[in-house]
file structure25.cif (mmCIF, C-alpha atoms and all ligand atoms)
data_protein
#
loop_
_atom_site.label_atom_id
_atom_site.label_comp_id
_atom_site.auth_asym_id
_atom_site.auth_seq_id
_atom_site.Cartn_x
_atom_site.Cartn_y
_atom_site.Cartn_z
CA MET P 1 -10.07 17.30 -5.12
CA LYS P 2 -11.14 14.83 -2.41
CA ASN P 3 -14.49 12.98 -2.72
CA GLN P 4 -17.03 15.06 -0.80
CA ILE P 5 -18.52 13.44 2.32
CA THR P 6 -21.26 14.73 4.62
CA PRO P 7 -20.66 13.30 8.09
CA GLN P 8 -22.79 14.40 11.03
CA PRO P 9 -21.59 14.39 14.65
CA PHE P 10 -21.71 10.77 15.85
CA VAL P 11 -22.75 11.75 19.39
CA LYS P 12 -25.55 13.85 20.75
CA TRP P 13 -23.64 16.39 22.81
CA VAL P 14 -24.84 19.10 25.14
CA GLY P 15 -23.75 22.44 23.73
CA GLY P 16 -23.36 20.87 20.26
CA LYS P 17 -22.97 23.59 17.65
CA ARG P 18 -25.17 22.17 14.88
CA SER P 19 -27.79 24.90 15.27
CA LEU P 20 -25.16 27.66 15.00
CA ILE P 21 -23.10 26.22 12.16
CA ASN P 22 -24.08 28.83 9.57
CA GLU P 23 -23.21 31.66 11.95
CA LEU P 24 -19.79 30.09 12.54
CA ILE P 25 -19.11 29.39 8.88
CA LYS P 26 -19.94 32.98 7.91
CA ARG P 27 -17.20 34.19 10.25
CA LEU P 28 -14.32 31.83 9.46
CA PRO P 29 -10.98 33.32 8.43
CA LYS P 30 -10.59 33.26 4.61
CA ASN P 31 -7.42 31.14 4.60
CA PHE P 32 -5.60 29.23 7.26
CA ASN P 33 -3.14 26.37 7.62
CA SER P 34 -4.02 23.70 10.22
CA TYR P 35 -7.36 23.52 12.05
CA TYR P 36 -7.41 23.18 15.87
CA GLU P 37 -10.45 22.41 17.98
CA PRO P 38 -9.47 22.09 21.65
CA PHE P 39 -12.97 21.36 23.07
CA ILE P 40 -14.08 19.00 20.32
CA GLY P 41 -17.24 17.51 21.93
CA GLY P 42 -19.53 16.38 19.09
CA GLY P 43 -17.33 18.23 16.57
CA ALA P 44 -20.13 19.91 14.60
CA LEU P 45 -17.83 22.54 13.06
CA PHE P 46 -15.00 20.09 12.33
CA PHE P 47 -17.35 17.67 10.52
CA SER P 48 -18.94 20.44 8.48
CA LEU P 49 -15.51 21.70 7.36
CA CYS P 50 -13.80 18.33 6.92
CA ASN P 51 -13.80 18.36 3.10
CA LYS P 52 -11.71 21.52 3.13
CA LEU P 53 -9.15 20.60 5.79
CA GLU P 54 -5.63 19.31 5.18
CA LYS P 55 -4.77 18.80 8.84
CA ALA P 56 -6.77 18.98 12.07
CA ILE P 57 -5.81 18.60 15.73
CA LEU P 58 -8.73 17.81 18.02
CA ILE P 59 -8.58 17.60 21.81
CA ASP P 60 -11.05 17.02 24.66
CA LYS P 61 -10.89 16.24 28.37
CA ASN P 62 -13.56 13.55 28.16
CA LEU P 63 -11.48 10.36 27.89
CA GLU P 64 -14.29 8.05 26.70
CA LEU P 65 -15.19 10.52 23.96
CA VAL P 66 -11.56 10.66 22.78
CA ILE P 67 -11.30 6.85 22.83
CA THR P 68 -14.44 6.77 20.65
CA TYR P 69 -13.01 9.25 18.12
CA ASN P 70 -9.91 7.10 17.90
CA ALA P 71 -11.92 3.89 17.47
CA ILE P 72 -13.86 5.51 14.60
CA LYS P 73 -10.62 6.69 13.05
CA LYS P 74 -8.76 3.36 13.38
CA GLN P 75 -11.25 0.45 13.58
CA PRO P 76 -14.68 1.58 12.34
CA LYS P 77 -15.80 -1.85 11.08
CA LYS P 78 -15.02 -3.66 14.35
CA LEU P 79 -16.78 -0.87 16.22
CA ILE P 80 -19.86 -1.23 13.99
CA GLU P 81 -19.94 -5.00 14.72
CA ARG P 82 -19.97 -4.31 18.46
CA LEU P 83 -22.70 -1.70 18.06
CA LYS P 84 -24.80 -4.21 16.13
CA GLN P 85 -24.44 -6.59 19.08
CA HIS P 86 -25.66 -3.89 21.50
CA ALA P 87 -28.57 -3.13 19.14
CA ARG P 88 -29.61 -6.81 19.09
CA ASN P 89 -29.44 -7.02 22.90
CA HIS P 90 -31.02 -3.64 23.63
CA SER P 91 -33.50 -3.68 26.54
CA GLU P 92 -33.81 -1.92 29.86
CA THR P 93 -31.89 -4.75 31.57
CA HIS P 94 -29.11 -4.59 28.96
CA TYR P 95 -28.88 -0.78 29.32
CA TYR P 96 -28.39 -0.89 33.09
CA PHE P 97 -25.99 -3.84 32.84
CA VAL P 98 -23.84 -1.93 30.32
CA ARG P 99 -24.05 1.26 32.37
CA GLN P 100 -22.84 -0.59 35.47
CA ASN P 101 -19.93 -2.47 33.85
CA LYS P 102 -17.01 -0.58 32.32
CA PRO P 103 -15.01 -2.60 29.80
CA THR P 104 -11.26 -2.21 29.45
CA SER P 105 -10.52 -2.52 25.71
CA PRO P 106 -10.74 0.73 23.71
CA LEU P 107 -13.16 -0.81 21.16
CA ASP P 108 -15.53 -1.98 23.89
CA ILE P 109 -15.29 1.37 25.69
CA ALA P 110 -16.19 3.14 22.43
CA ALA P 111 -19.12 0.81 21.68
CA ARG P 112 -20.46 1.22 25.23
CA PHE P 113 -20.07 5.00 25.01
CA LEU P 114 -22.02 5.20 21.73
CA TYR P 115 -24.67 2.70 22.87
CA LEU P 116 -25.33 4.68 26.09
CA ASN P 117 -25.30 7.98 24.18
CA LYS P 118 -27.96 6.75 21.75
CA THR P 119 -30.22 5.18 24.37
CA CYS P 120 -29.86 7.33 27.50
CA PHE P 121 -32.11 10.19 28.54
CA ASN P 122 -31.62 13.13 26.11
CA GLY P 123 -28.11 11.98 25.07
CA LEU P 124 -26.76 13.51 28.26
CA TYR P 125 -23.27 12.71 29.51
CA ARG P 126 -23.20 12.95 33.28
CA VAL P 127 -20.90 11.16 35.71
CA ASN P 128 -20.80 10.88 39.49
CA LYS P 129 -17.79 11.88 41.62
CA SER P 130 -15.98 8.63 40.87
CA GLY P 131 -16.55 8.97 37.13
CA GLY P 132 -19.43 6.43 36.84
CA PHE P 133 -21.96 7.26 34.11
CA ASN P 134 -25.31 7.82 35.89
CA VAL P 135 -27.88 8.94 33.30
CA PRO P 136 -31.13 6.86 33.24
CA ILE P 137 -32.42 5.12 30.12
CA GLY P 138 -34.30 7.36 27.64
CA LYS P 139 -37.79 6.73 26.32
CA TYR P 140 -37.06 5.77 22.70
CA SER P 141 -39.13 3.03 21.07
CA ASN P 142 -36.56 2.39 18.34
CA PRO P 143 -33.22 4.13 19.05
CA ASN P 144 -30.86 4.34 16.07
CA ILE P 145 -27.88 2.68 17.74
CA VAL P 146 -25.61 1.63 14.86
CA GLN P 147 -25.65 4.49 12.27
CA GLU P 148 -23.23 2.56 10.07
CA SER P 149 -23.00 4.92 7.09
CA ASN P 150 -22.42 7.94 9.32
CA ILE P 151 -19.66 6.16 11.26
CA LEU P 152 -17.96 5.35 7.95
CA ALA P 153 -18.31 8.98 6.82
CA CYS P 154 -16.85 10.18 10.15
CA HIS P 155 -14.02 7.66 9.70
CA LYS P 156 -13.14 9.27 6.35
CA ALA P 157 -13.37 12.77 7.84
CA LEU P 158 -10.99 11.80 10.63
CA ASP P 159 -8.32 10.79 8.14
CA VAL P 160 -6.84 14.30 8.38
CA ALA P 161 -7.20 14.48 12.17
CA GLU P 162 -5.09 13.73 15.21
CA ILE P 163 -7.25 13.28 18.32
CA LYS P 164 -5.80 13.82 21.76
CA TYR P 165 -7.01 13.49 25.31
CA GLY P 166 -6.24 16.37 27.65
CA ASP P 167 -6.59 19.98 28.60
CA PHE P 168 -7.15 22.63 25.91
CA SER P 169 -3.70 24.08 26.62
CA HIS P 170 -1.92 20.90 25.46
CA VAL P 171 -1.90 21.93 21.80
CA GLU P 172 0.34 24.45 20.10
CA PRO P 173 -1.19 26.16 17.09
CA GLN P 174 1.27 28.23 15.06
CA LYS P 175 1.07 31.46 13.05
CA GLN P 176 -1.76 31.34 10.47
CA ASP P 177 -3.34 28.22 11.96
CA PHE P 178 -6.99 28.55 12.98
CA ALA P 179 -8.30 27.51 16.42
CA TYR P 180 -11.99 27.29 17.28
CA PHE P 181 -12.71 27.20 21.03
CA ASP P 182 -16.10 26.04 22.33
CA PRO P 183 -15.54 25.60 26.07
CA PRO P 184 -18.19 24.74 28.66
CA TYR P 185 -20.08 28.01 28.87
CA HIS P 186 -19.83 30.49 31.67
CA PRO P 187 -23.20 29.95 33.43
CA THR P 188 -25.91 32.50 32.78
CA SER P 189 -27.67 31.24 35.92
CA GLU P 190 -26.79 28.75 38.64
CA ALA P 191 -28.97 26.15 36.96
CA SER P 192 -27.03 26.17 33.67
CA PHE P 193 -25.45 22.88 32.67
CA THR P 194 -21.64 22.97 32.63
CA ALA P 195 -20.61 19.64 34.20
CA TYR P 196 -19.27 17.79 31.12
CA THR P 197 -16.52 16.01 32.98
CA LYS P 198 -15.80 15.19 36.62
CA ASP P 199 -14.04 18.53 36.84
CA ASN P 200 -16.27 21.54 36.43
CA PHE P 201 -15.00 24.33 34.22
CA MET P 202 -14.73 27.20 36.68
CA GLU P 203 -14.25 30.97 36.29
CA SER P 204 -10.54 30.36 36.95
CA ASP P 205 -10.52 28.06 33.87
CA GLN P 206 -12.22 30.76 31.78
CA ILE P 207 -9.42 33.14 32.84
CA ARG P 208 -6.76 30.51 32.08
CA LEU P 209 -8.35 30.03 28.64
CA ARG P 210 -8.36 33.78 27.95
CA ASP P 211 -4.65 34.01 28.88
CA TYR P 212 -3.87 31.09 26.58
CA ILE P 213 -5.87 32.70 23.75
CA VAL P 214 -4.02 36.01 24.20
CA LYS P 215 -0.74 34.11 23.89
CA LEU P 216 -1.93 32.52 20.63
CA HIS P 217 -3.16 35.88 19.34
CA ARG P 218 0.36 37.29 19.83
CA LYS P 219 1.75 34.38 17.83
CA GLY P 220 -0.53 35.20 14.87
CA VAL P 221 -3.08 32.37 15.27
CA TYR P 222 -6.62 33.05 13.98
CA ILE P 223 -9.05 32.57 16.84
CA MET P 224 -12.79 32.08 17.14
CA LEU P 225 -14.41 31.46 20.53
CA SER P 226 -18.01 30.68 21.50
CA ASN P 227 -19.30 31.48 24.96
CA SER P 228 -22.34 32.82 26.74
CA SER P 229 -22.94 36.52 26.55
CA THR P 230 -22.35 37.36 30.22
CA GLU P 231 -20.71 40.46 31.63
CA PHE P 232 -17.86 38.31 32.96
CA ILE P 233 -17.02 36.94 29.49
CA ARG P 234 -17.44 40.28 27.68
CA ASP P 235 -15.09 41.80 30.22
CA LEU P 236 -12.49 39.02 29.90
CA TYR P 237 -12.27 39.67 26.14
CA LYS P 238 -12.49 43.46 26.19
CA ALA P 239 -9.07 44.02 24.56
CA LYS P 240 -9.33 46.02 21.30
CA TYR P 241 -8.11 43.15 19.12
CA PHE P 242 -11.16 41.00 20.01
CA ASN P 243 -14.34 41.46 17.96
CA HIS P 244 -17.64 40.54 19.63
CA HIS P 245 -20.56 39.18 17.58
CA GLU P 246 -23.93 38.42 19.22
CA VAL P 247 -25.61 35.38 17.64
CA PHE P 248 -28.89 33.68 18.54
CA ALA P 249 -29.14 29.97 19.25
CA PRO P 250 -31.83 27.67 20.55
CA ARG P 251 -30.71 26.08 23.83
CA TYR P 252 -32.60 23.23 25.44
CA ILE P 253 -30.65 21.99 28.44
CA ASN P 254 -31.86 24.06 31.31
CA CYS P 255 -33.61 22.91 34.47
CA LYS P 256 -36.08 25.78 34.39
CA PRO P 257 -38.54 25.27 31.50
CA GLY P 258 -39.26 29.03 31.43
CA GLU P 259 -35.63 29.67 30.48
CA ARG P 260 -35.55 27.36 27.48
CA GLY P 261 -35.65 28.89 24.02
CA LYS P 262 -33.52 31.26 21.98
CA VAL P 263 -30.66 32.88 23.82
CA SER P 264 -28.00 35.26 22.70
CA GLU P 265 -24.49 33.80 22.60
CA LEU P 266 -21.19 35.48 22.02
CA LEU P 267 -18.78 34.73 19.19
CA ILE P 268 -15.38 36.33 19.62
CA THR P 269 -12.81 36.59 16.85
CA ASN P 270 -9.38 38.25 16.60
CA TYR P 271 -9.56 38.91 12.85
C1 LIG P 301 -19.55 22.98 24.63
S1 LIG P 301 -18.82 21.37 24.54
C2 LIG P 301 -18.19 21.40 22.91
C3 LIG P 301 -19.29 21.16 21.90
C4 LIG P 301 -18.80 21.00 20.47
N1 LIG P 301 -18.37 22.24 19.88
C5 LIG P 301 -19.90 20.37 19.59
O1 LIG P 301 -20.21 20.86 18.50
O2 LIG P 301 -20.46 19.34 20.03
C6 LIG P 301 -17.40 21.52 25.57
C7 LIG P 301 -16.41 20.34 25.55
O3 LIG P 301 -15.25 20.71 26.33
C8 LIG P 301 -14.73 19.55 27.00
N2 LIG P 301 -13.87 20.04 28.11
C9 LIG P 301 -14.22 20.43 29.36
N3 LIG P 301 -13.15 20.89 30.04
C10 LIG P 301 -12.08 20.82 29.18
C11 LIG P 301 -10.70 21.17 29.27
N4 LIG P 301 -10.16 21.72 30.39
N5 LIG P 301 -9.90 20.98 28.18
C12 LIG P 301 -10.41 20.42 27.04
N6 LIG P 301 -11.71 20.07 26.90
C13 LIG P 301 -12.54 20.27 27.95
C14 LIG P 301 -15.97 18.79 27.40
O4 LIG P 301 -15.67 17.41 27.60
C15 LIG P 301 -16.92 19.04 26.20
O5 LIG P 301 -16.81 18.01 25.23
#
call {"tool": "encode", "arguments": {"input": "structure25.cif", "output": "structure tokens", "more": "lines below"}}
Ligand SMILES: C[S@@+](CC[C@H](N)C(=O)[O-])C[C@H]1O[C@@H](n2cnc3c(N)ncnc32)[C@H](O)[C@@H]1O
result
Amino acid sequence: MKNQITPQPFVKWVGGKRSLINELIKRLPKNFNSYYEPFIGGGALFFSLCNKLEKAILIDKNLELVITYNAIKKQPKKLIERLKQHARNHSETHYYFVRQNKPTSPLDIAARFLYLNKTCFNGLYRVNKSGGFNVPIGKYSNPNIVQESNILACHKALDVAEIKYGDFSHVEPQKQDFAYFDPPYHPTSEASFTAYTKDNFMESDQIRLRDYIVKLHRKGVYIMLSNSSTEFIRDLYKAKYFNHHEVFAPRYINCKPGERGKVSELLITNY
């Protein structure tokens, strides 16, 4: 048996599943072969399962996030050195200088990505039309920028993982593999936050995802999907072989303070 590790997601990520982990774990299939997570984000479910996985394929359309996963997998110590440098230099001037200037080497891109994530307002990731990160500095007196032991734990967890950049449809789970889908949610109101990348995830993408999931279902892949509990989503997954579970999760990113708090989300499984 492998040595047990307890990594936590190394980024703060909007829509992160930490608060729903127990609800997800309760509903996993009993046995499966490889693990697929095509909207990996902060990877809360992957990191909580990592001790049990033999093989994982992770994919996301946020290129800087994918570069960071790969840096943690391949060069964690060099990455930690660069983070220590950012931590020593941290100030408002340094933040805006780093935000303005995109490096070109993968290690520097990863260190910049983590530094901005740990020091920006609410750990948001938001880019303008040309892909420039535009979140202002957060109000932290002593942000925890390096998190060395967690990066090393994530490095170990990623030993079993292959991390790819691209659209969710660029992976091919096979019979008896398990795929967990946590796409940008269908908005419950116009103010909901769904702009994770330059390209918004539209209703046409939700339909494309459903069609892809139906194809995997026919192949014998175990599927679990998180989404908001809207009529549109319930209707997309109304086929008899989909089971709907309502779960409650705290959600904080919403422009209207009155709409913050516990909301019902949908978990859909085909087993
Ligand atoms: C709700 S978040 C996932 C949160 C994750 N489960 C966690 O625990 O942090 C959705 C993710 O989907 C990614 N994404 C958006 N459009 C995508 C696409 N077409 N294909 C793959 N990933 C996409 C975003 O970059 C974002 O990381």
call {"tool": "atom_distance", "arguments": {"input": "structure25.cif", "atom1": "atom C4 of ligand LIG 301 (chain P)", "atom2": "CA of Ala239 in chain P"}}
result
25.3 Å
call {"tool": "closest_residue", "arguments": {"input": "structure25.cif", "among": "P:His217, P:Ala71, P:Leu58, P:Cys154", "to": "Gln174 in chain P", "atoms": "all atoms listed in the file"}}
result
P:His217
call {"tool": "axis_aligned_box", "arguments": {"input": "structure25.cif", "around": "range 156-165 of chain P", "padding_each_side": "3 Å", "output": "lines of an AutoDock Vina configuration file"}}
result
center_x = -9.2
center_y = 11.9
center_z = 15.8
size_x = 14.3
size_y = 11.2
size_z = 25.0
call {"tool": "residues_around", "arguments": {"input": "structure25.cif", "residues": "range 109-119 of chain P", "least_positions_apart": "4", "cutoff": "9 Å", "atoms": "only C-alpha atoms", "output": "short mmCIF file (atom, residue, chain, number, x, y, z; two decimals) with C-alpha atoms, keeping the file's coordinate frame"}}
result
data_model
loop_
_atom_site.label_atom_id
_atom_site.label_comp_id
_atom_site.auth_asym_id
_atom_site.auth_seq_id
_atom_site.Cartn_x
_atom_site.Cartn_y
_atom_site.Cartn_z
CA PHE P 10 -21.71 10.77 15.85
CA VAL P 11 -22.75 11.75 19.39
CA LYS P 12 -25.55 13.85 20.75
CA TRP P 13 -23.64 16.39 22.81
CA GLU P 64 -14.29 8.05 26.70
CA LEU P 65 -15.19 10.52 23.96
CA VAL P 66 -11.56 10.66 22.78
CA ILE P 67 -11.30 6.85 22.83
CA THR P 68 -14.44 6.77 20.65
CA TYR P 69 -13.01 9.25 18.12
CA ASN P 70 -9.91 7.10 17.90
CA ALA P 71 -11.92 3.89 17.47
CA ILE P 72 -13.86 5.51 14.60
CA LEU P 79 -16.78 -0.87 16.22
CA ILE P 80 -19.86 -1.23 13.99
CA ARG P 82 -19.97 -4.31 18.46
CA LEU P 83 -22.70 -1.70 18.06
CA HIS P 86 -25.66 -3.89 21.50
CA ALA P 87 -28.57 -3.13 19.14
CA HIS P 90 -31.02 -3.64 23.63
CA TYR P 95 -28.88 -0.78 29.32
CA VAL P 98 -23.84 -1.93 30.32
CA ARG P 99 -24.05 1.26 32.37
CA LYS P 102 -17.01 -0.58 32.32
CA PRO P 103 -15.01 -2.60 29.80
CA THR P 104 -11.26 -2.21 29.45
CA SER P 105 -10.52 -2.52 25.71
CA GLY P 123 -28.11 11.98 25.07
CA LEU P 124 -26.76 13.51 28.26
CA TYR P 125 -23.27 12.71 29.51
CA VAL P 135 -27.88 8.94 33.30
CA ILE P 137 -32.42 5.12 30.12
CA GLY P 138 -34.30 7.36 27.64
CA LYS P 139 -37.79 6.73 26.32
CA TYR P 140 -37.06 5.77 22.70
CA PRO P 143 -33.22 4.13 19.05
CA ASN P 144 -30.86 4.34 16.07
CA ILE P 145 -27.88 2.68 17.74
CA VAL P 146 -25.61 1.63 14.86
#
call {"tool": "closest_residue", "arguments": {"input": "structure25.cif", "among": "P:Gly132, P:Tyr185, P:Pro29, P:Leu152", "to": "Asn101 in chain P", "atoms": "all atoms listed in the file"}}
result
P:Gly132
call {"tool": "residues_near_ligand", "arguments": {"input": "structure25.cif", "ligand": "ligand LIG 301 (chain P)", "cutoff": "8 Å", "atoms": "all atoms listed in the file", "output": "number ranges by chain"}}
result
P: 9, 11-18, 38-45, 59-62, 65, 165-169, 181-185, 196-197, 199-201, 205
call {"tool": "atom_distance", "arguments": {"input": "structure25.cif", "atom1": "CA of Ser48 in chain P", "atom2": "CA of Asp159 in chain P"}}
result
14.4 Å
call {"tool": "closest_residue", "arguments": {"input": "structure25.cif", "among": "P:Ile21, P:Ala179, P:Ile57, P:Ile151", "to": "Lys164 in chain P", "atoms": "all atoms listed in the file"}}
result
P:Ile57
call {"tool": "atom_distance", "arguments": {"input": "structure25.cif", "atom1": "CA of Phe232 in chain P", "atom2": "CA of Glu265 in chain P"}}
result
13.1 Å
call {"tool": "residues_around", "arguments": {"input": "structure25.cif", "residues": "Leu236 in chain P", "least_positions_apart": "3", "cutoff": "12 Å", "atoms": "only C-alpha atoms", "output": "PyMOL selection string"}}
result
chain P and resi 186+203-211+213-214+227+229-233+239-240+242+244+268
call {"tool": "closest_residue", "arguments": {"input": "structure25.cif", "among": "P:Glu148, P:Glu23, P:Glu54, P:Glu81", "to": "Tyr36 in chain P", "atoms": "all atoms listed in the file"}}
result
P:Glu54
call {"tool": "closest_residue", "arguments": {"input": "structure25.cif", "among": "P:Val247, P:Leu107, P:Val263, P:Val221", "to": "Asn31 in chain P", "atoms": "all atoms listed in the file"}}
result
P:Val221
call {"tool": "closest_residue", "arguments": {"input": "structure25.cif", "among": "P:Tyr180, P:Phe97, P:Phe133, P:Phe121", "to": "Asn270 in chain P", "atoms": "only C-alpha atoms"}}
result
P:Tyr180
call {"tool": "build_atoms", "arguments": {"input": "structure25.cif", "residues": "range 153-162 of chain P", "atoms": "all heavy atoms", "output": "compact mmCIF listing (two decimals), keeping the file's coordinate frame"}}
result
# COMPACT_ATOMS: atom_id res chain seq x y z
N ALA P 153 -18.60 7.62 7.30
CA ALA P 153 -18.31 8.98 6.82
C ALA P 153 -17.41 9.71 7.83
O ALA P 153 -16.46 10.41 7.45
CB ALA P 153 -19.60 9.74 6.58
N CYS P 154 -17.69 9.54 9.12
CA CYS P 154 -16.85 10.18 10.15
C CYS P 154 -15.44 9.61 10.09
O CYS P 154 -14.45 10.34 10.25
CB CYS P 154 -17.44 9.97 11.55
SG CYS P 154 -18.97 10.88 11.83
N HIS P 155 -15.33 8.31 9.84
CA HIS P 155 -14.02 7.66 9.70
C HIS P 155 -13.20 8.35 8.59
O HIS P 155 -12.03 8.69 8.78
CB HIS P 155 -14.23 6.18 9.40
CG HIS P 155 -13.03 5.48 8.87
ND1 HIS P 155 -11.96 5.16 9.67
CD2 HIS P 155 -12.71 5.07 7.62
CE1 HIS P 155 -11.04 4.57 8.93
NE2 HIS P 155 -11.46 4.51 7.68
N LYS P 156 -13.85 8.60 7.46
CA LYS P 156 -13.14 9.27 6.35
C LYS P 156 -12.73 10.68 6.76
O LYS P 156 -11.62 11.13 6.49
CB LYS P 156 -14.03 9.35 5.12
CG LYS P 156 -14.21 8.02 4.44
CD LYS P 156 -14.47 8.22 2.93
CE LYS P 156 -14.65 6.88 2.26
NZ LYS P 156 -16.05 6.58 1.94
N ALA P 157 -13.66 11.39 7.43
CA ALA P 157 -13.37 12.77 7.84
C ALA P 157 -12.17 12.81 8.77
O ALA P 157 -11.34 13.73 8.72
CB ALA P 157 -14.59 13.36 8.54
N LEU P 158 -12.04 11.79 9.62
CA LEU P 158 -10.99 11.80 10.63
C LEU P 158 -9.62 11.42 10.07
O LEU P 158 -8.62 11.44 10.78
CB LEU P 158 -11.37 10.86 11.79
CG LEU P 158 -12.52 11.40 12.66
CD1 LEU P 158 -13.05 10.32 13.60
CD2 LEU P 158 -12.08 12.62 13.47
N ASP P 159 -9.58 11.10 8.79
CA ASP P 159 -8.32 10.79 8.14
C ASP P 159 -7.29 11.92 8.31
O ASP P 159 -6.10 11.67 8.47
CB ASP P 159 -8.62 10.57 6.64
CG ASP P 159 -7.52 9.80 5.98
OD1 ASP P 159 -6.94 8.94 6.67
OD2 ASP P 159 -7.23 10.07 4.81
N VAL P 160 -7.77 13.17 8.29
CA VAL P 160 -6.84 14.30 8.38
C VAL P 160 -6.59 14.71 9.84
O VAL P 160 -5.88 15.67 10.11
CB VAL P 160 -7.39 15.56 7.65
CG1 VAL P 160 -7.48 15.30 6.15
CG2 VAL P 160 -8.73 16.01 8.22
N ALA P 161 -7.21 13.98 10.79
CA ALA P 161 -7.20 14.48 12.17
C ALA P 161 -6.33 13.65 13.11
O ALA P 161 -6.21 12.44 12.98
CB ALA P 161 -8.63 14.51 12.71
N GLU P 162 -5.77 14.37 14.08
CA GLU P 162 -5.09 13.73 15.21
C GLU P 162 -5.97 14.05 16.42
O GLU P 162 -6.36 15.20 16.59
CB GLU P 162 -3.73 14.40 15.34
CG GLU P 162 -2.80 13.77 16.30
CD GLU P 162 -1.53 14.63 16.42
OE1 GLU P 162 -1.09 15.20 15.38
OE2 GLU P 162 -1.03 14.75 17.53
